[in-house]
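Student: Sharing a structure with you now.
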Amino acid sequence: MEITVKSGNVLREASDLGVLAAFEDSALPDEAAGLLEPDDFRGRAGQAVVLYPRGAVAPRRLLLIGLGQRDKVTAESVRRAAAEAVRRARELQVAALSIGAVDDLPLDDAAVGQAFAEGLALGAYRYWKYRTGLTTEQTFAVERATVYSGDERAADMAAGVATGQAVARGVALARDLVNSPGYAMTPARMGEEALALGERLGLKVTVLDKAQLTEQGFGGILAVGQGSANDPRFIVMEHGAPGDGPTICLVGKGLTFDSGGLSIKPAEAMDTMKSDMGGAAAVFGAMQVAAELKLPLHVVGLVSSAENMPSATAYRPGDVVTTLSGKTIEVLNTDAEGRIILSDALHYAQRYEPAAIVELSTLTGAIVIALGSHATGLMATDQALADRVSQAGEISGERVWQLPLWQEYHDMIKSEIADLKNIGGRAGGSITAGAFLAAFVGDYPFVHLDIAGTAWADRPAKPYEVQGGTGVGVRLLTEFLRGYSY
Ligand code: BES
Ligand code: MN
Ligand code: ZN
């Protein structure tokens with residue numbers, strides 16, 4: 001979608017569809033207020049009313065969208081309002097819309113521009129690669145949006161819009177990767193996607209294949225991948241170089257399909273498991289945004305990718321795996337595979353001596369029980385880093401909630417026969433998984449984000465979401481990285 005910023009007024013300048021975002025507690029401009037019964041639109045968050053002004057104001061259609069109370073408005077309110085506007089425009093089959101707020105928003109102009117762009121672009125996202133026979137009505141796309149700003153605000157808003165568009169492209173990339181069926185997005189294919197990304201954006205990309213993983217001792221990735229006909233990969237993507245600013249490692253779980261392996265999942269728990277590479281997808285998306293925004297940082301994206309299958313060559317419960325770090329893992333459940341492939345990636349991250357390691361994974365069903373789909377679980381070895389990521393969660397609207405990593409939890413995954421066992425029992429299942437990962441990062445500041453509840457939407461919960469991959473993590477990571485680059 002093409003988005004431009006103009007200073008001016010929607011009521012006077014829009015033609016086809018003017019969208020006016022309004023607060024619950026401030027009045028509509030007179031020329032708009034005169035078009036409806038006062039109580040029919042109160043500006044509640046999420047409220048939307050279409051009016052046909054018949055020449056009373058410039059636009060032929062006027063859409064009023066509620067933002068809620070002015071002092072409670074956040075970037076998320078703006079993002080949702082913009083996405084709702086696109087949804088309505090699609091319904092009305094209007095190719096261009098103009099949007100503005102009745103009053104100045106209580107946010108800085110760049111943040112407003114960014115939220116508008118994210119809402120507009122993400123509200124337009126659809127995944128229709130495998131749909132046939134769609135009508136032109138269904139495939140109708142809103143092509144252009146104009147965001148109206150107050151005088152003297154246009155420049156900052158335009159900068160924000162550019163940022164928001166880059167972020168939305170990153171989110172769309174992550175959603176596309178997650179929505180791809182397992183057969184179409186194998187570990188090898190993920191490697192190719194990374195190489196293509198590198199080519200397009202000037203990232204340095206290295207993909208290690210099975211022979212190289214074997215030679216270099218990536219025992220965790222190899223064990224999980226050994227049951228599949230689709231060989232595993234380890235992917236390294238680099239934006240910038242060590243001198244460019246602090247080094248940040250982003251690590252993603254890239255299980256292109258998780259059947260559970262020999263500890264096989266029941267059918268109803270398996271049918272969305274093509275999404276078990278949501279962490280990897282977020283890292284891909286964030287690397288793209290970091291490159292497009294030319295962030296003054298050294299960002300290293302690391303992805304462990306494998307397919308977890310039951311077969312005659314699959315790893316077994318009771319096996320002991322020697323990981324890249326040299327540490328050994330007793331496998332008691334082959335379905336707790338994410339932490340095994342991540343152990344190699346997290347150990348590998350240490351070679352960059354990073355200022356921070358932020359890892360994302362669809363790691364545990366237990367986090368879905370704890371937080372549902374409204375927050376990502378956060379565990380950390382460093383509180384300052386945890387606070388930075390939490391803050392980025394509030395700003396980006398991708399909220400996180402912290403769980404503790406106390407010694408007692410580390411004790412729950414000690415094994416008799418090996419250094420660690422890969423399950424700690426049902427109790428505290430998300431935390432013992434986080435504790436397991438923390439064993440592989442050395443003393444580097446580390447945040448683990450469990451996105452099992454947030455990476456996939458069974459049904460869209462927000463106007464800028466659709467059923468399927470959410471692209472969660474891209475907005476959060478981008479905000480975190482931008483915060484780190486000031
Ligand atoms: N990929 C799953 C976790 C998951 C569950 C992601 C639901 C998205 C939605 C992970 O590999 C897994 O199977 N975890 C097990 C761990 C258990 C065996 C200790 C789980 O949570 O059941
Ligand atoms: Mn699993
Ligand atoms: Zn998994």
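Here's how to read the names in the structure tokens: chain A, B, ... by the order shown, residue numbers from 1 in each chain, ligand numbers from 1 in the order shown.
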Can you pull out every residue within 10 Å of Ala75 of chain A, counting only C-alpha atoms, but drop anything in the same chain fewer than 5 positions away, and send it as a PDB file with all heavy atoms, in the first residue's frame?
Tutor:
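Written output follows (out.pdb):
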```pdb
ATOM      1  N   ARG A  80      -5.042   0.063  15.682  1.00  0.00           N
ATOM      2  CA  ARG A  80      -6.323  -0.638  15.512  1.00  0.00           C
ATOM      3  C   ARG A  80      -7.301   0.188  14.687  1.00  0.00           C
ATOM      4  O   ARG A  80      -8.010  -0.343  13.834  1.00  0.00           O
ATOM      5  CB  ARG A  80      -6.937  -0.960  16.867  1.00  0.00           C
ATOM      6  CG  ARG A  80      -6.159  -2.030  17.605  1.00  0.00           C
ATOM      7  CD  ARG A  80      -6.839  -2.408  18.907  1.00  0.00           C
ATOM      8  NE  ARG A  80      -5.951  -3.267  19.683  1.00  0.00           N
ATOM      9  CZ  ARG A  80      -6.358  -4.110  20.627  1.00  0.00           C
ATOM     10  NH1 ARG A  80      -7.636  -4.215  20.911  1.00  0.00           N
ATOM     11  NH2 ARG A  80      -5.487  -4.861  21.273  1.00  0.00           N
ATOM     12  N   ALA A  81      -7.350   1.501  14.948  1.00  0.00           N
ATOM     13  CA  ALA A  81      -8.267   2.371  14.210  1.00  0.00           C
ATOM     14  C   ALA A  81      -7.915   2.364  12.718  1.00  0.00           C
ATOM     15  O   ALA A  81      -8.792   2.273  11.858  1.00  0.00           O
ATOM     16  CB  ALA A  81      -8.210   3.792  14.769  1.00  0.00           C
ATOM     17  N   LEU A 105      -3.073  13.888  18.735  1.00  0.00           N
ATOM     18  CA  LEU A 105      -3.020  12.690  19.578  1.00  0.00           C
ATOM     19  C   LEU A 105      -1.961  12.892  20.659  1.00  0.00           C
ATOM     20  O   LEU A 105      -0.966  13.580  20.434  1.00  0.00           O
ATOM     21  CB  LEU A 105      -2.674  11.479  18.711  1.00  0.00           C
ATOM     22  CG  LEU A 105      -3.782  11.079  17.737  1.00  0.00           C
ATOM     23  CD1 LEU A 105      -3.211  10.486  16.468  1.00  0.00           C
ATOM     24  CD2 LEU A 105      -4.732  10.100  18.414  1.00  0.00           C
ATOM     25  N   PRO A 106      -2.186  12.273  21.821  1.00  0.00           N
ATOM     26  CA  PRO A 106      -1.224  12.453  22.920  1.00  0.00           C
ATOM     27  C   PRO A 106       0.014  11.566  22.758  1.00  0.00           C
ATOM     28  O   PRO A 106       0.410  10.858  23.673  1.00  0.00           O
ATOM     29  CB  PRO A 106      -2.040  12.041  24.150  1.00  0.00           C
ATOM     30  CG  PRO A 106      -3.020  11.060  23.630  1.00  0.00           C
ATOM     31  CD  PRO A 106      -3.329  11.455  22.221  1.00  0.00           C
ATOM     32  N   LEU A 107       0.608  11.599  21.575  1.00  0.00           N
ATOM     33  CA  LEU A 107       1.787  10.777  21.254  1.00  0.00           C
ATOM     34  C   LEU A 107       2.678  11.620  20.371  1.00  0.00           C
ATOM     35  O   LEU A 107       2.197  12.542  19.715  1.00  0.00           O
ATOM     36  CB  LEU A 107       1.364   9.549  20.435  1.00  0.00           C
ATOM     37  CG  LEU A 107       0.425   8.521  21.052  1.00  0.00           C
ATOM     38  CD1 LEU A 107      -0.187   7.669  19.952  1.00  0.00           C
ATOM     39  CD2 LEU A 107       1.196   7.654  22.031  1.00  0.00           C
ATOM     40  N   ASP A 108       3.965  11.275  20.285  1.00  0.00           N
ATOM     41  CA  ASP A 108       4.775  12.111  19.403  1.00  0.00           C
ATOM     42  C   ASP A 108       4.490  11.763  17.938  1.00  0.00           C
ATOM     43  O   ASP A 108       4.005  10.679  17.621  1.00  0.00           O
ATOM     44  CB  ASP A 108       6.265  12.064  19.785  1.00  0.00           C
ATOM     45  CG  ASP A 108       6.942  10.784  19.387  1.00  0.00           C
ATOM     46  OD1 ASP A 108       7.083  10.548  18.169  1.00  0.00           O
ATOM     47  OD2 ASP A 108       7.325  10.030  20.292  1.00  0.00           O
ATOM     48  N   ALA A 111       5.628   8.572  16.266  1.00  0.00           N
ATOM     49  CA  ALA A 111       4.928   7.385  16.772  1.00  0.00           C
ATOM     50  C   ALA A 111       3.540   7.270  16.152  1.00  0.00           C
ATOM     51  O   ALA A 111       3.081   6.165  15.827  1.00  0.00           O
ATOM     52  CB  ALA A 111       4.826   7.435  18.293  1.00  0.00           C
ATOM     53  N   VAL A 112       2.873   8.412  15.976  1.00  0.00           N
ATOM     54  CA  VAL A 112       1.546   8.412  15.346  1.00  0.00           C
ATOM     55  C   VAL A 112       1.653   7.926  13.899  1.00  0.00           C
ATOM     56  O   VAL A 112       0.896   7.054  13.466  1.00  0.00           O
ATOM     57  CB  VAL A 112       0.909   9.828  15.388  1.00  0.00           C
ATOM     58  CG1 VAL A 112      -0.374   9.859  14.565  1.00  0.00           C
ATOM     59  CG2 VAL A 112       0.637  10.241  16.822  1.00  0.00           C
ATOM     60  N   GLY A 113       2.609   8.482  13.167  1.00  0.00           N
ATOM     61  CA  GLY A 113       2.801   8.074  11.775  1.00  0.00           C
ATOM     62  C   GLY A 113       3.094   6.593  11.665  1.00  0.00           C
ATOM     63  O   GLY A 113       2.543   5.887  10.814  1.00  0.00           O
ATOM     64  N   GLN A 114       3.954   6.101  12.564  1.00  0.00           N
ATOM     65  CA  GLN A 114       4.317   4.682  12.538  1.00  0.00           C
ATOM     66  C   GLN A 114       3.099   3.804  12.813  1.00  0.00           C
ATOM     67  O   GLN A 114       2.857   2.816  12.115  1.00  0.00           O
ATOM     68  CB  GLN A 114       5.419   4.398  13.570  1.00  0.00           C
ATOM     69  CG  GLN A 114       5.920   2.962  13.513  1.00  0.00           C
ATOM     70  CD  GLN A 114       7.018   2.671  14.537  1.00  0.00           C
ATOM     71  OE1 GLN A 114       7.648   3.582  15.068  1.00  0.00           O
ATOM     72  NE2 GLN A 114       7.232   1.396  14.809  1.00  0.00           N
ATOM     73  N   ALA A 115       2.307   4.188  13.815  1.00  0.00           N
ATOM     74  CA  ALA A 115       1.129   3.382  14.170  1.00  0.00           C
ATOM     75  C   ALA A 115       0.096   3.391  13.043  1.00  0.00           C
ATOM     76  O   ALA A 115      -0.509   2.358  12.729  1.00  0.00           O
ATOM     77  CB  ALA A 115       0.517   3.898  15.465  1.00  0.00           C
ATOM     78  N   PHE A 116      -0.113   4.552  12.419  1.00  0.00           N
ATOM     79  CA  PHE A 116      -1.018   4.616  11.270  1.00  0.00           C
ATOM     80  C   PHE A 116      -0.550   3.651  10.183  1.00  0.00           C
ATOM     81  O   PHE A 116      -1.327   2.854   9.661  1.00  0.00           O
ATOM     82  CB  PHE A 116      -1.071   6.040  10.697  1.00  0.00           C
ATOM     83  CG  PHE A 116      -2.188   6.887  11.240  1.00  0.00           C
ATOM     84  CD1 PHE A 116      -1.933   8.107  11.840  1.00  0.00           C
ATOM     85  CD2 PHE A 116      -3.514   6.462  11.138  1.00  0.00           C
ATOM     86  CE1 PHE A 116      -2.970   8.896  12.355  1.00  0.00           C
ATOM     87  CE2 PHE A 116      -4.561   7.241  11.635  1.00  0.00           C
ATOM     88  CZ  PHE A 116      -4.283   8.461  12.252  1.00  0.00           C
ATOM     89  N   GLU A 118       1.501   1.060  10.311  1.00  0.00           N
ATOM     90  CA  GLU A 118       1.423  -0.359  10.684  1.00  0.00           C
ATOM     91  C   GLU A 118      -0.014  -0.858  10.590  1.00  0.00           C
ATOM     92  O   GLU A 118      -0.280  -1.935  10.060  1.00  0.00           O
ATOM     93  CB  GLU A 118       1.972  -0.564  12.112  1.00  0.00           C
ATOM     94  CG  GLU A 118       3.486  -0.400  12.198  1.00  0.00           C
ATOM     95  CD  GLU A 118       4.032  -0.505  13.621  1.00  0.00           C
ATOM     96  OE1 GLU A 118       3.247  -0.757  14.564  1.00  0.00           O
ATOM     97  OE2 GLU A 118       5.251  -0.334  13.785  1.00  0.00           O
ATOM     98  N   GLY A 119      -0.947  -0.073  11.121  1.00  0.00           N
ATOM     99  CA  GLY A 119      -2.357  -0.478  11.089  1.00  0.00           C
ATOM    100  C   GLY A 119      -2.878  -0.595   9.670  1.00  0.00           C
ATOM    101  O   GLY A 119      -3.562  -1.564   9.315  1.00  0.00           O
ATOM    102  N   GLU A 394       5.524  -2.779  25.490  1.00  0.00           N
ATOM    103  CA  GLU A 394       4.459  -1.791  25.724  1.00  0.00           C
ATOM    104  C   GLU A 394       4.346  -0.836  24.539  1.00  0.00           C
ATOM    105  O   GLU A 394       3.255  -0.533  24.073  1.00  0.00           O
ATOM    106  CB  GLU A 394       4.732  -0.994  27.011  1.00  0.00           C
ATOM    107  CG  GLU A 394       4.654  -1.820  28.290  1.00  0.00           C
ATOM    108  CD  GLU A 394       3.299  -2.507  28.467  1.00  0.00           C
ATOM    109  OE1 GLU A 394       2.258  -1.875  28.221  1.00  0.00           O
ATOM    110  OE2 GLU A 394       3.291  -3.700  28.840  1.00  0.00           O
ATOM    111  N   ILE A 395       5.479  -0.370  24.039  1.00  0.00           N
ATOM    112  CA  ILE A 395       5.460   0.614  22.949  1.00  0.00           C
ATOM    113  C   ILE A 395       4.950  -0.009  21.651  1.00  0.00           C
ATOM    114  O   ILE A 395       4.170   0.586  20.924  1.00  0.00           O
ATOM    115  CB  ILE A 395       6.871   1.226  22.735  1.00  0.00           C
ATOM    116  CG1 ILE A 395       7.292   1.996  23.990  1.00  0.00           C
ATOM    117  CG2 ILE A 395       6.887   2.139  21.509  1.00  0.00           C
ATOM    118  CD1 ILE A 395       8.725   2.500  23.952  1.00  0.00           C
ATOM    119  N   SER A 396       5.385  -1.241  21.380  1.00  0.00           N
ATOM    120  CA  SER A 396       5.033  -1.874  20.103  1.00  0.00           C
ATOM    121  C   SER A 396       3.652  -2.502  20.127  1.00  0.00           C
ATOM    122  O   SER A 396       3.111  -2.879  19.090  1.00  0.00           O
ATOM    123  CB  SER A 396       6.061  -2.953  19.759  1.00  0.00           C
ATOM    124  OG  SER A 396       5.974  -4.007  20.715  1.00  0.00           O
ATOM    125  N   GLY A 397       3.072  -2.652  21.314  1.00  0.00           N
ATOM    126  CA  GLY A 397       1.777  -3.326  21.418  1.00  0.00           C
ATOM    127  C   GLY A 397       1.912  -4.840  21.432  1.00  0.00           C
ATOM    128  O   GLY A 397       0.904  -5.546  21.465  1.00  0.00           O
TER     129      GLY A 397
END
```
Student: Please identify all protein, DNA and RNA residues within 6 Å of ligand 1, counting only C-alpha atoms and all ligand atoms, and report them as a ChimeraX atom specification.
Tutor: /A:260,276,333,335-338,362-366,423,452
Student: For those residues, write all heavy atoms to a file as a tab-separated table (two decimals), in the first residue's frame.
Tutor:
```tsv
chain	number	residue	atom	x	y	z
A	260	GLY	N	6.05	-33.93	17.18
A	260	GLY	CA	6.34	-34.48	18.51
A	260	GLY	C	7.42	-35.55	18.43
A	260	GLY	O	8.03	-35.89	19.43
A	276	ASP	N	5.60	-23.86	14.08
A	276	ASP	CA	6.62	-24.01	15.12
A	276	ASP	C	7.96	-23.37	14.73
A	276	ASP	O	8.96	-23.52	15.42
A	276	ASP	CB	6.80	-25.50	15.46
A	276	ASP	CG	7.20	-25.72	16.92
A	276	ASP	OD1	7.01	-24.80	17.73
A	276	ASP	OD2	7.72	-26.81	17.22
A	333	ASN	N	11.56	-36.82	26.47
A	333	ASN	CA	10.38	-36.63	25.64
A	333	ASN	C	10.83	-35.95	24.35
A	333	ASN	O	11.37	-34.85	24.38
A	333	ASN	CB	9.35	-35.78	26.39
A	333	ASN	CG	8.02	-35.70	25.66
A	333	ASN	OD1	7.97	-35.53	24.45
A	333	ASN	ND2	6.93	-35.83	26.41
A	335	ASP	N	9.21	-34.60	22.17
A	335	ASP	CA	8.40	-33.43	21.84
A	335	ASP	C	8.94	-32.15	22.50
A	335	ASP	O	8.51	-31.06	22.17
A	335	ASP	CB	6.94	-33.67	22.24
A	335	ASP	CG	5.97	-32.71	21.55
A	335	ASP	OD1	6.39	-32.02	20.60
A	335	ASP	OD2	4.79	-32.68	21.96
A	336	ALA	N	9.85	-32.29	23.44
A	336	ALA	CA	10.50	-31.10	24.00
A	336	ALA	C	11.78	-30.87	23.20
A	336	ALA	O	12.90	-30.92	23.71
A	336	ALA	CB	10.79	-31.29	25.48
A	337	GLU	N	11.59	-30.64	21.89
A	337	GLU	CA	12.70	-30.59	20.93
A	337	GLU	C	13.25	-29.18	20.73
A	337	GLU	O	14.41	-29.02	20.36
A	337	GLU	CB	12.24	-31.16	19.58
A	337	GLU	CG	11.49	-30.18	18.65
A	337	GLU	CD	10.18	-29.65	19.20
A	337	GLU	OE1	9.58	-30.34	20.05
A	337	GLU	OE2	9.76	-28.54	18.82
A	338	GLY	N	12.39	-28.18	20.97
A	338	GLY	CA	12.82	-26.80	20.70
A	338	GLY	C	14.04	-26.43	21.50
A	338	GLY	O	15.03	-25.89	20.98
A	362	THR	N	8.36	-20.79	19.91
A	362	THR	CA	7.06	-21.39	20.25
A	362	THR	C	7.39	-22.61	21.10
A	362	THR	O	7.38	-23.73	20.62
A	362	THR	CB	6.33	-21.80	18.96
A	362	THR	OG1	7.25	-22.50	18.10
A	362	THR	CG2	5.77	-20.59	18.21
A	363	LEU	N	7.72	-22.35	22.38
A	363	LEU	CA	8.42	-23.39	23.14
A	363	LEU	C	7.50	-24.31	23.94
A	363	LEU	O	7.75	-25.52	23.98
A	363	LEU	CB	9.47	-22.75	24.05
A	363	LEU	CG	10.59	-23.70	24.49
A	363	LEU	CD1	11.42	-24.15	23.29
A	363	LEU	CD2	11.51	-23.05	25.51
A	364	THR	N	6.49	-23.75	24.61
A	364	THR	CA	5.70	-24.62	25.50
A	364	THR	C	4.19	-24.37	25.43
A	364	THR	O	3.74	-23.22	25.38
A	364	THR	CB	6.12	-24.42	26.98
A	364	THR	OG1	5.79	-23.09	27.41
A	364	THR	CG2	7.60	-24.68	27.18
A	365	GLY	N	3.44	-25.46	25.48
A	365	GLY	CA	1.99	-25.35	25.62
A	365	GLY	C	1.64	-24.70	26.96
A	365	GLY	O	0.61	-24.04	27.09
A	366	ALA	N	2.51	-24.86	27.95
A	366	ALA	CA	2.23	-24.33	29.28
A	366	ALA	C	2.09	-22.80	29.29
A	366	ALA	O	1.34	-22.24	30.09
A	366	ALA	CB	3.33	-24.76	30.26
A	423	ILE	N	13.00	-32.48	30.03
A	423	ILE	CA	11.70	-32.09	30.61
A	423	ILE	C	11.83	-32.04	32.14
A	423	ILE	O	12.61	-32.79	32.74
A	423	ILE	CB	10.54	-33.04	30.23
A	423	ILE	CG1	10.89	-34.50	30.49
A	423	ILE	CG2	10.13	-32.85	28.78
A	423	ILE	CD1	9.71	-35.45	30.34
A	452	ALA	N	4.60	-19.26	22.13
A	452	ALA	CA	3.68	-20.35	21.74
A	452	ALA	C	2.23	-19.88	21.71
A	452	ALA	O	1.44	-20.36	20.90
A	452	ALA	CB	3.84	-21.55	22.67
```
Student: Using only C-alpha atoms, determine which residues lie at most 12 Å from Phe218 of chain A, disregarding the query and same-chain residues fewer than 4 positions distant; provide the list as number ranges by chain.
Tutor: A: 208-214, 222-225, 232-234, 304-306, 321-328, 340-348
Student: Would you list the contacts of segment 186-192 of chain A as a PyMOL selection string, taking every protein, DNA or RNA residue within 12 Å and counting only C-alpha atoms, but skipping same-chain residues closer than 6 positions in sequence?
Tutor: chain A and resi 174+176-178+180+198-199+205-210+221+225+228-237+252-258+274-278+280-281+283-284+302-308
Student: Determine which residues of segment 238-459 of chain A receive a DSSP assignment of helix (DSSP H, G or I), computed from the backbone, and state them as a ChimeraX atom specification.
Tutor: /A:242-244,267-270,273-275,278-292,338-352,365-371,383-396,407-411,429-438
Student: When you count only C-alpha atoms and all ligand atoms, which of these residues is closest to ligand 3: A:Ile264, A:Ala45, A:Val474, A:Leu203?
Tutor: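 Distance minimum relative to ligand 3 lands on A:Ile264.
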Student: How far is it from atom CA of Ala56 of chain A to atom CA of Glu37 of chain A, in Å with one decimal?
Tutor: 15.2 Å
Student: Give the strand (DSSP E or B) residues of segment 193-340 of chain A, as assigned by DSSP on the backbone, as a VMD selection string.
Tutor: chain A and resid 204 to 208 233 to 239 247 to 258 298 to 308 320 to 322 328 to 330
Student: If we count only C-alpha atoms, what is near Ala386 of chain A at a cut-off of 10 Å, once residues fewer than 4 positions away on the same chain are taken out, given as a list in words?
Tutor: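 Once the nearby chain positions are removed, what remains is Val358, Leu378, Met379, Ala380, Thr381, Asp382, Ser390, Gln391, Ala392, Val400, Trp401, Gln402, Pro445, Phe446, Val447 and His448 of chain A.
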Student: Grab the residues selected above and save them as a PDB file, in the first residue's frame with N, CA and C atoms.
Tutor:
```pdb
ATOM      1  N   VAL A 358      18.617 -12.199  22.523  1.00  0.00           N
ATOM      2  CA  VAL A 358      17.155 -12.272  22.645  1.00  0.00           C
ATOM      3  C   VAL A 358      16.690 -13.422  21.766  1.00  0.00           C
ATOM      4  N   LEU A 378       8.121 -13.979  29.116  1.00  0.00           N
ATOM      5  CA  LEU A 378       9.517 -13.533  29.113  1.00  0.00           C
ATOM      6  C   LEU A 378      10.238 -14.117  30.315  1.00  0.00           C
ATOM      7  N   MET A 379      11.424 -14.648  30.083  1.00  0.00           N
ATOM      8  CA  MET A 379      12.307 -15.080  31.159  1.00  0.00           C
ATOM      9  C   MET A 379      13.683 -14.510  30.865  1.00  0.00           C
ATOM     10  N   ALA A 380      14.420 -14.139  31.899  1.00  0.00           N
ATOM     11  CA  ALA A 380      15.672 -13.427  31.661  1.00  0.00           C
ATOM     12  C   ALA A 380      16.723 -13.759  32.702  1.00  0.00           C
ATOM     13  N   THR A 381      17.983 -13.629  32.278  1.00  0.00           N
ATOM     14  CA  THR A 381      19.094 -13.767  33.224  1.00  0.00           C
ATOM     15  C   THR A 381      19.608 -12.396  33.630  1.00  0.00           C
ATOM     16  N   ASP A 382      19.026 -11.328  33.078  1.00  0.00           N
ATOM     17  CA  ASP A 382      19.532  -9.979  33.293  1.00  0.00           C
ATOM     18  C   ASP A 382      18.336  -9.038  33.354  1.00  0.00           C
ATOM     19  N   SER A 390      10.621  -5.515  27.904  1.00  0.00           N
ATOM     20  CA  SER A 390       9.249  -5.262  28.373  1.00  0.00           C
ATOM     21  C   SER A 390       8.756  -3.905  27.894  1.00  0.00           C
ATOM     22  N   GLN A 391       9.638  -2.930  28.004  1.00  0.00           N
ATOM     23  CA  GLN A 391       9.323  -1.569  27.556  1.00  0.00           C
ATOM     24  C   GLN A 391       9.003  -1.558  26.054  1.00  0.00           C
ATOM     25  N   ALA A 392       9.816  -2.266  25.286  1.00  0.00           N
ATOM     26  CA  ALA A 392       9.570  -2.370  23.839  1.00  0.00           C
ATOM     27  C   ALA A 392       8.223  -3.042  23.584  1.00  0.00           C
ATOM     28  N   VAL A 400       4.656  -8.365  26.739  1.00  0.00           N
ATOM     29  CA  VAL A 400       5.327  -9.529  27.322  1.00  0.00           C
ATOM     30  C   VAL A 400       5.048  -9.546  28.820  1.00  0.00           C
ATOM     31  N   TRP A 401       5.182 -10.708  29.420  1.00  0.00           N
ATOM     32  CA  TRP A 401       4.966 -10.819  30.864  1.00  0.00           C
ATOM     33  C   TRP A 401       6.042 -11.726  31.435  1.00  0.00           C
ATOM     34  N   GLN A 402       6.715 -11.230  32.467  1.00  0.00           N
ATOM     35  CA  GLN A 402       7.894 -11.942  32.958  1.00  0.00           C
ATOM     36  C   GLN A 402       7.560 -13.037  33.969  1.00  0.00           C
ATOM     37  N   PRO A 445      24.005 -11.443  28.808  1.00  0.00           N
ATOM     38  CA  PRO A 445      22.619 -11.073  29.145  1.00  0.00           C
ATOM     39  C   PRO A 445      21.643 -11.741  28.169  1.00  0.00           C
ATOM     40  N   PHE A 446      20.651 -12.404  28.731  1.00  0.00           N
ATOM     41  CA  PHE A 446      19.805 -13.280  27.913  1.00  0.00           C
ATOM     42  C   PHE A 446      18.340 -13.077  28.238  1.00  0.00           C
ATOM     43  N   VAL A 447      17.530 -12.930  27.184  1.00  0.00           N
ATOM     44  CA  VAL A 447      16.070 -12.935  27.343  1.00  0.00           C
ATOM     45  C   VAL A 447      15.488 -14.032  26.457  1.00  0.00           C
ATOM     46  N   HIS A 448      14.627 -14.839  27.060  1.00  0.00           N
ATOM     47  CA  HIS A 448      13.881 -15.858  26.319  1.00  0.00           C
ATOM     48  C   HIS A 448      12.435 -15.416  26.209  1.00  0.00           C
TER      49      HIS A 448
END
```
Student: Grab the atom CA of Leu201 of chain A to atom CA of Glu2 of chain A distance for me, in Å with one decimal place.
Tutor: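 Distance reported for this atom pair: 20.8 Å.
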Student: Report, in Å to a single decimal, how far apart atom CA of Ala356 of chain A and atom CA of Asp244 of chain A are.
Tutor: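 So the answer is 15.0 Å.
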Student: Residues within 12 Å of Val161 of chain A, please, as a ChimeraX atom specification. Count only C-alpha atoms; anything in the same chain fewer than 5 positions from it doesn't count.
Tutor: /A:1-6,79,109-121,145-149,154-156,166-168
Student: Pick the closest to ligand 3 from A:Ala267, A:Val73, A:Leu35, A:Met309: which is it, counting only C-alpha atoms and all ligand atoms?
Tutor: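 Closest to ligand 3 of all the choices is A:Met309.
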